[in-house]
Each structure stands twice: as C-alpha cells, then as structure tokens.
file model_15.cif (mmCIF, C-alpha atoms)
data_structure
#
loop_
_atom_site.group_PDB
_atom_site.id
_atom_site.type_symbol
_atom_site.label_atom_id
_atom_site.label_comp_id
_atom_site.auth_asym_id
_atom_site.auth_seq_id
_atom_site.Cartn_x
_atom_site.Cartn_y
_atom_site.Cartn_z
ATOM 1 C CA MET A 1 13.062 37.102 78.214
ATOM 2 C CA ARG A 2 13.048 33.305 78.253
ATOM 3 C CA ALA A 3 10.674 33.199 75.220
ATOM 4 C CA LYS A 4 12.996 35.464 73.168
ATOM 5 C CA ARG A 5 15.950 33.221 73.946
ATOM 6 C CA CYS A 6 13.959 30.133 72.950
ATOM 7 C CA VAL A 7 12.995 31.792 69.637
ATOM 8 C CA ARG A 8 16.647 32.691 68.967
ATOM 9 C CA VAL A 9 17.881 29.168 69.711
ATOM 10 C CA CYS A 10 15.109 27.605 67.616
ATOM 11 C CA THR A 11 15.883 29.963 64.702
ATOM 12 C CA ARG A 12 19.571 29.042 64.807
ATOM 13 C CA LEU A 13 18.762 25.355 64.971
ATOM 14 C CA ILE A 14 16.441 25.619 61.953
ATOM 15 C CA LEU A 15 19.101 27.538 60.000
ATOM 16 C CA LEU A 16 21.667 24.913 60.915
ATOM 17 C CA LEU A 17 19.366 22.111 59.785
ATOM 18 C CA VAL A 18 18.596 23.872 56.488
ATOM 19 C CA LEU A 19 22.098 25.095 55.618
ATOM 20 C CA THR A 20 24.124 22.013 56.604
ATOM 21 C CA PRO A 21 22.680 19.722 53.901
ATOM 22 C CA ALA A 22 22.914 22.529 51.345
ATOM 23 C CA ILE A 23 26.618 23.015 52.095
ATOM 24 C CA LEU A 24 27.392 19.304 52.229
ATOM 25 C CA LEU A 25 25.554 18.590 48.975
ATOM 26 C CA SER A 26 26.952 21.548 47.034
ATOM 27 C CA PRO A 27 29.694 20.698 44.531
ATOM 28 C CA PRO A 28 33.306 21.243 45.622
ATOM 29 C CA PRO A 29 35.293 24.133 44.174
ATOM 30 C CA ARG A 30 35.981 23.534 40.490
ATOM 31 C CA LEU A 31 39.694 22.891 40.113
ATOM 32 C CA PHE A 32 39.459 20.621 37.081
ATOM 33 C CA ALA A 33 37.831 21.293 33.760
ATOM 34 C CA ALA A 34 35.921 18.709 31.816
ATOM 35 C CA ALA A 35 37.408 17.043 28.792
ATOM 36 C CA PRO A 36 37.754 19.402 25.842
ATOM 37 C CA GLY A 37 34.799 19.590 23.547
ATOM 38 C CA PRO A 38 33.609 21.764 20.706
ATOM 39 C CA ASN A 39 33.100 24.690 23.094
ATOM 40 C CA SER A 40 36.428 24.225 24.856
ATOM 41 C CA THR A 41 38.110 27.330 26.222
ATOM 42 C CA VAL A 42 41.538 26.001 25.269
ATOM 43 C CA PRO A 43 42.696 27.267 21.880
ATOM 44 C CA ALA A 44 44.717 24.743 19.844
ATOM 45 C CA VAL A 45 47.830 26.957 19.796
ATOM 46 C CA GLY A 46 50.364 24.113 20.030
ATOM 47 C CA ARG A 47 52.763 23.727 17.146
ATOM 48 C CA ALA A 48 54.863 20.787 18.355
ATOM 49 C CA TRP A 49 54.805 17.889 20.793
ATOM 50 C CA PRO A 50 56.998 18.498 23.857
ATOM 51 C CA VAL A 51 59.131 15.413 23.070
ATOM 52 C CA GLY A 52 59.629 13.707 19.718
ATOM 53 C CA PRO A 53 57.438 13.955 16.621
ATOM 54 C CA ARG A 54 54.585 11.808 18.057
ATOM 55 C CA PRO A 55 55.444 10.312 21.475
ATOM 56 C CA GLU A 56 53.566 7.453 23.066
ATOM 57 C CA VAL A 57 51.099 8.656 25.699
ATOM 58 C CA LEU A 58 51.849 6.402 28.683
ATOM 59 C CA ARG A 59 49.068 7.830 30.826
ATOM 60 C CA GLY A 60 46.395 10.270 29.746
ATOM 61 C CA TRP A 61 44.676 13.105 31.536
ATOM 62 C CA GLU A 62 42.260 11.811 34.168
ATOM 63 C CA PRO A 63 40.468 14.615 36.020
ATOM 64 C CA PRO A 64 39.396 13.585 39.511
ATOM 65 C CA ALA A 65 35.722 13.414 40.423
ATOM 66 C CA THR A 66 36.288 15.872 43.270
ATOM 67 C CA ALA A 67 38.754 18.680 43.860
ATOM 68 C CA TYR A 68 40.987 16.550 46.085
ATOM 69 C CA GLY A 69 40.217 13.120 44.656
ATOM 70 C CA PRO A 70 42.558 10.768 42.817
ATOM 71 C CA GLY A 71 43.325 11.488 39.192
ATOM 72 C CA HIS A 72 46.097 12.474 36.813
ATOM 73 C CA ARG A 73 46.529 16.199 36.295
ATOM 74 C CA GLY A 74 48.460 16.019 33.029
ATOM 75 C CA VAL A 75 49.733 13.473 30.514
ATOM 76 C CA ASP A 76 52.837 11.285 30.659
ATOM 77 C CA LEU A 77 54.794 11.011 27.426
ATOM 78 C CA ALA A 78 57.423 8.337 26.779
ATOM 79 C CA ALA A 79 60.866 9.932 26.657
ATOM 80 C CA ALA A 80 64.376 8.678 27.340
ATOM 81 C CA PRO A 81 66.681 10.592 29.707
ATOM 82 C CA GLY A 82 68.380 13.445 27.876
ATOM 83 C CA THR A 83 65.580 13.826 25.306
ATOM 84 C CA PRO A 84 65.161 17.500 24.328
ATOM 85 C CA VAL A 85 61.960 19.060 25.716
ATOM 86 C CA ARG A 86 60.335 21.681 23.499
ATOM 87 C CA ALA A 87 57.858 24.445 24.260
ATOM 88 C CA VAL A 88 54.514 23.396 22.800
ATOM 89 C CA ALA A 89 53.623 27.038 22.125
ATOM 90 C CA GLY A 90 55.405 30.346 22.438
ATOM 91 C CA GLY A 91 55.362 32.320 25.649
ATOM 92 C CA ARG A 92 57.277 33.533 28.686
ATOM 93 C CA VAL A 93 59.094 31.197 31.095
ATOM 94 C CA SER A 94 57.326 31.783 34.419
ATOM 95 C CA PHE A 95 59.415 29.229 36.357
ATOM 96 C CA ALA A 96 62.565 27.193 35.761
ATOM 97 C CA GLY A 97 63.940 25.367 38.767
ATOM 98 C CA ARG A 98 63.398 22.557 41.235
ATOM 99 C CA VAL A 99 60.201 21.676 43.091
ATOM 100 C CA ALA A 100 60.316 18.841 45.634
ATOM 101 C CA GLY A 101 63.579 17.627 44.095
ATOM 102 C CA LYS A 102 62.271 17.597 40.500
ATOM 103 C CA GLY A 103 63.278 19.936 37.715
ATOM 104 C CA VAL A 104 60.265 21.904 36.472
ATOM 105 C CA VAL A 105 59.755 24.410 33.662
ATOM 106 C CA SER A 106 56.527 26.431 33.395
ATOM 107 C CA VAL A 107 55.690 28.522 30.349
ATOM 108 C CA GLU A 108 52.922 31.120 30.423
ATOM 109 C CA LEU A 109 51.546 31.110 26.914
ATOM 110 C CA LEU A 110 51.242 34.139 24.686
ATOM 111 C CA PRO A 111 48.369 36.614 24.988
ATOM 112 C CA GLY A 112 45.235 35.510 23.238
ATOM 113 C CA THR A 113 44.865 32.274 25.217
ATOM 114 C CA GLY A 114 42.284 33.779 27.574
ATOM 115 C CA GLU A 115 42.240 35.214 31.074
ATOM 116 C CA PRO A 116 44.096 34.218 33.057
ATOM 117 C CA PRO A 117 46.511 33.017 30.383
ATOM 118 C CA LEU A 118 47.229 29.330 29.945
ATOM 119 C CA ARG A 119 50.365 27.876 31.567
ATOM 120 C CA THR A 120 52.120 24.666 30.532
ATOM 121 C CA THR A 121 54.386 22.679 32.855
ATOM 122 C CA TYR A 122 57.065 20.121 32.068
ATOM 123 C CA GLU A 123 58.778 17.744 34.540
ATOM 124 C CA PRO A 124 61.262 16.225 35.355
ATOM 125 C CA VAL A 125 63.387 18.543 33.254
ATOM 126 C CA THR A 126 66.854 20.050 33.440
ATOM 127 C CA ALA A 127 66.091 23.572 32.248
ATOM 128 C CA THR A 128 68.128 25.288 29.541
ATOM 129 C CA VAL A 129 66.005 28.455 29.811
ATOM 130 C CA GLU A 130 65.707 31.053 32.547
ATOM 131 C CA LYS A 131 62.743 32.653 34.265
ATOM 132 C CA ASP A 132 61.205 35.571 32.324
ATOM 133 C CA GLY A 133 62.860 34.457 29.072
ATOM 134 C CA GLU A 134 60.719 34.326 25.922
ATOM 135 C CA VAL A 135 60.435 31.022 24.061
ATOM 136 C CA ALA A 136 59.175 30.277 20.560
ATOM 137 C CA PRO A 137 56.981 27.301 19.631
ATOM 138 C CA GLY A 138 59.172 24.204 19.328
ATOM 139 C CA GLU A 139 62.149 25.836 21.061
ATOM 140 C CA VAL A 140 64.153 23.515 23.340
ATOM 141 C CA ILE A 141 63.557 24.485 26.988
ATOM 142 C CA GLY A 142 65.465 21.620 28.620
ATOM 143 C CA THR A 143 66.113 17.881 28.651
ATOM 144 C CA VAL A 144 64.311 14.996 30.356
ATOM 145 C CA ASP A 145 65.963 14.111 33.689
ATOM 146 C CA ALA A 146 67.022 10.524 34.362
ATOM 147 C CA THR A 147 65.419 10.672 37.827
ATOM 148 C CA GLY A 148 62.338 12.261 39.347
ATOM 149 C CA SER A 149 59.761 10.701 37.043
ATOM 150 C CA HIS A 150 56.631 9.181 38.569
ATOM 151 C CA CYS A 151 56.357 6.713 35.671
ATOM 152 C CA THR A 152 57.735 3.170 35.828
ATOM 153 C CA ALA A 153 60.036 4.110 32.921
ATOM 154 C CA THR A 154 61.416 7.580 32.320
ATOM 155 C CA CYS A 155 58.765 9.940 30.982
ATOM 156 C CA LEU A 156 57.876 13.593 30.667
ATOM 157 C CA HIS A 157 54.866 14.776 32.650
ATOM 158 C CA TRP A 158 53.195 17.597 30.700
ATOM 159 C CA GLY A 159 50.529 19.701 32.391
ATOM 160 C CA LEU A 160 48.230 22.606 31.566
ATOM 161 C CA ARG A 161 46.509 25.098 33.858
ATOM 162 C CA ARG A 162 44.414 28.227 33.610
ATOM 163 C CA GLY A 163 44.788 29.915 36.973
ATOM 164 C CA GLU A 164 44.060 27.154 39.498
ATOM 165 C CA THR A 165 42.092 25.005 37.028
ATOM 166 C CA TYR A 166 43.808 21.964 35.535
ATOM 167 C CA LEU A 167 43.067 21.242 31.878
ATOM 168 C CA ASN A 168 43.935 18.515 29.397
ATOM 169 C CA PRO A 169 47.251 19.508 27.761
ATOM 170 C CA LEU A 170 46.409 17.486 24.636
ATOM 171 C CA SER A 171 43.690 20.065 23.925
ATOM 172 C CA LEU A 172 46.488 22.514 23.008
ATOM 173 C CA LEU A 173 47.401 20.426 19.978
ATOM 174 C CA PRO A 174 45.488 20.847 16.719
ATOM 175 C CA PRO A 175 43.884 17.707 15.230
ATOM 176 C CA TRP A 176 46.553 17.354 12.538
ATOM 177 C CA LEU A 177 49.208 16.932 15.257
ATOM 178 C CA LEU A 178 47.102 14.619 17.415
ATOM 179 C CA HIS A 179 45.784 12.246 14.789
ATOM 180 C CA ARG A 180 48.455 12.016 12.195
ATOM 181 C CA GLY A 181 47.780 8.844 10.281
ATOM 182 C CA PRO A 182 48.913 7.461 6.965
ATOM 183 C CA SER A 183 48.434 9.598 3.885
ATOM 184 C CA ARG A 184 45.334 8.827 1.840
ATOM 185 C CA LEU A 185 44.831 9.551 -1.806
ATOM 186 C CA LEU A 186 41.447 10.969 -2.641
ATOM 187 C CA PRO A 187 39.787 10.517 -6.025
ATOM 188 C CA VAL A 188 39.890 13.407 -8.477
ATOM 189 C CA TYR A 189 36.549 14.216 -10.110
#

call {"tool": "encode", "arguments": {"input": "model_15.cif", "output": "structure tokens"}}
result
Amino acid sequence: MRAKRCVRVCTRLILLLVLTPAILLSPPPRLFAAAPGPNSTVPAVGRAWPVGPRPEVLRGWEPPATAYGPGHRGVDLAAAPGTPVRAVAGGRVSFAGRVAGKGVVSVELLPGTGEPPLRTTYEPVTATVEKDGEVAPGEVIGTVDATGSHCTATCLHWGLRRGETYLNPLSLLPPWLLHRGPSRLLPVY
C-alpha cells in the first residue's frame, strides 16, 4: 500500500515539474493582432477619416507585448471639441452611451468584414445616433466631447476590434486615404 502511494505522489510531482514550465513559458492568450501586412484579415473598407479630411495622428496603435501589458489599443486623432465624428464605414450602431463617464459610440461593420464582424469605437463622443441604427460611410455619428479625452489636448480615440482581439484601426483605410500626398504629373509616352 505504501509503495502505491509513493508511486502516485512521485507521478504527480513529475507531472507538476513537467507541466509548470510548459504553462509558464506558453504565450498568453492572443488579444492583440500584429501590425497589418499583406495578409491582413482587416479589409480596407473605410471611406472616410473619423474626423476631418486628414487629421494628425497624435498617438498611433501600439499593441502590448503581452495580453495585459502596456500599449495603446487604438489611435488618437487631433480634433477640437464639437468636431463632427463620422463613421469610417457603414454598419449598425452596437452601442451609443457612456462608459466610465466617457461618451462612446461603437459601430459593428457591415457583413463581409469576417467572423466575428469588425467593430469600430469612437470616444469621447456625444452621440447623435442610437443603438441598432444603421449608419452609412461618412455619416456623422456624434461630436467630440470637450472632456473625457486621455490626450493632453482634446482628441478622438478611434479603436478597432474583432471579437476580443484589438486591431490597428488605420488598417481599415485604403492607401489612397492614408498616404494622400501632392499630385504628380507622369510623362505621357
């Protein structure tokens, strides 16, 4: 009886010694996607910037190294209080209200953006839309609040998620919207 107990205890100890490093060294749950690349799962369905024709990006998307590490889960765009906030792409308003004292609008994008569908968030915003309402690309969904911004100056925080995974919202915009430069004349042959 004593030998069986010793075998059981030794087996558990060996399992503990083998599994503990494996668990501790395994990567944390993936809550953040890598920067968009050529094989990105984010379609460039955006048709307008959320504020202005080409706002200054005050702080870019900085995915944390670990699921709970420091980072920036969206982009901050320069915007004065009262600036109209537009839906980047068409979809259904999944939330319009206050979260922790800040006005937030979330838009679940149209079908065809993958499963689960993409969802954009905008804050701090005074909503002019209601939950479950449909919005078109470029449609005004609210205005930038004077308070509630985490920036040193007033800004709009724009986020993007697929389920629980944070993504870079700039990946929604096609290259012609992102990199609009001066016009160039090309030679005619």

call {"tool": "atom_distance", "arguments": {"input": "model_15.cif", "atom1": "CA of Arg119 in chain A", "atom2": "CA of Ser94 in chain A"}}
result
8.5 Å

call {"tool": "resolve_selection", "arguments": {"input": "model_15.cif", "expression": "the PyMOL selection byres ((chain A and resi 54) around 12)", "output": "list of chain:residue names"}}
result
A:Ala48, A:Trp49, A:Pro50, A:Val51, A:Gly52, A:Pro53, A:Pro55, A:Glu56, A:Val57, A:Leu77, A:Ala78, A:Ala79, A:Leu170, A:Leu173, A:Trp176, A:Leu177, A:Leu178, A:His179, A:Arg180, A:Gly181

call {"tool": "atom_distance", "arguments": {"input": "model_15.cif", "atom1": "CA of Ala100 in chain A", "atom2": "CA of Tyr166 in chain A"}}
result
19.6 Å

call {"tool": "resolve_selection", "arguments": {"input": "model_15.cif", "expression": "the PyMOL selection byres ((chain A and resi 139) around 9)", "output": "list of chain:residue names"}}
result
A:Val85, A:Arg86, A:Ala87, A:Val88, A:Ala89, A:Gly90, A:Val135, A:Ala136, A:Pro137, A:Gly138, A:Val140, A:Ile141

call {"tool": "write_last_selection", "arguments": {"input": "model_15.cif", "atoms": "C-alpha atoms", "output": "CSV table (one decimal), in the coordinates of the input"}}
result
chain,number,residue,atom,x,y,z
A,85,VAL,CA,62.0,19.1,25.7
A,86,ARG,CA,60.3,21.7,23.5
A,87,ALA,CA,57.9,24.4,24.3
A,88,VAL,CA,54.5,23.4,22.8
A,89,ALA,CA,53.6,27.0,22.1
A,90,GLY,CA,55.4,30.3,22.4
A,135,VAL,CA,60.4,31.0,24.1
A,136,ALA,CA,59.2,30.3,20.6
A,137,PRO,CA,57.0,27.3,19.6
A,138,GLY,CA,59.2,24.2,19.3
A,140,VAL,CA,64.2,23.5,23.3
A,141,ILE,CA,63.6,24.5,27.0

call {"tool": "closest_residue", "arguments": {"input": "model_15.cif", "among": "A:Gly133, A:Gly163, A:Pro169, A:Pro124", "to": "Thr83 in chain A", "atoms": "all atoms listed in the file"}}
result
A:Pro124

call {"tool": "residues_around", "arguments": {"input": "model_15.cif", "residues": "Cys155 in chain A", "least_positions_apart": "4", "cutoff": "9 Å", "atoms": "all atoms listed in the file", "output": "PyMOL selection string"}}
result
chain A and resi 58+76-81+123-124+144-146+149-151

call {"tool": "closest_residue", "arguments": {"input": "model_15.cif", "among": "A:Thr113, A:Thr147, A:Ser106, A:Thr165", "to": "Val42 in chain A", "atoms": "only C-alpha atoms"}}
result
A:Thr113

call {"tool": "resolve_selection", "arguments": {"input": "model_15.cif", "expression": "the PyMOL selection byres ((chain A and resi 121) around 10)", "output": "ChimeraX atom specification"}}
result
/A:74,87,93-96,104-108,119-120,122-125,156-161,169

call {"tool": "axis_aligned_box", "arguments": {"input": "model_15.cif", "around": "range 125-135 of chain A", "padding_each_side": "5 Å", "output": "lines of an AutoDock Vina configuration file"}}
result
center_x = 64.3
center_y = 27.1
center_z = 29.2
size_x = 17.7
size_y = 27.0
size_z = 20.2

call {"tool": "closest_residue", "arguments": {"input": "model_15.cif", "among": "A:Thr143, A:Thr66, A:Arg73, A:Thr11", "to": "Asn168 in chain A", "atoms": "only C-alpha atoms"}}
result
A:Arg73

call {"tool": "closest_residue", "arguments": {"input": "model_15.cif", "among": "A:Pro64, A:Pro84, A:Gly103, A:Gly112", "to": "Leu167 in chain A", "atoms": "only C-alpha atoms"}}
result
A:Pro64

call {"tool": "closest_residue", "arguments": {"input": "model_15.cif", "among": "A:Gly69, A:Pro43, A:Pro187, A:Pro175", "to": "Leu110 in chain A", "atoms": "all atoms listed in the file"}}
result
A:Pro43

call {"tool": "closest_residue", "arguments": {"input": "model_15.cif", "among": "A:Ala3, A:Pro63, A:Arg47, A:Arg162", "to": "Gly114 in chain A", "atoms": "all atoms listed in the file"}}
result
A:Arg162

call {"tool": "atom_distance", "arguments": {"input": "model_15.cif", "atom1": "CA of Leu118 in chain A", "atom2": "CA of Thr152 in chain A"}}
result
28.8 Å
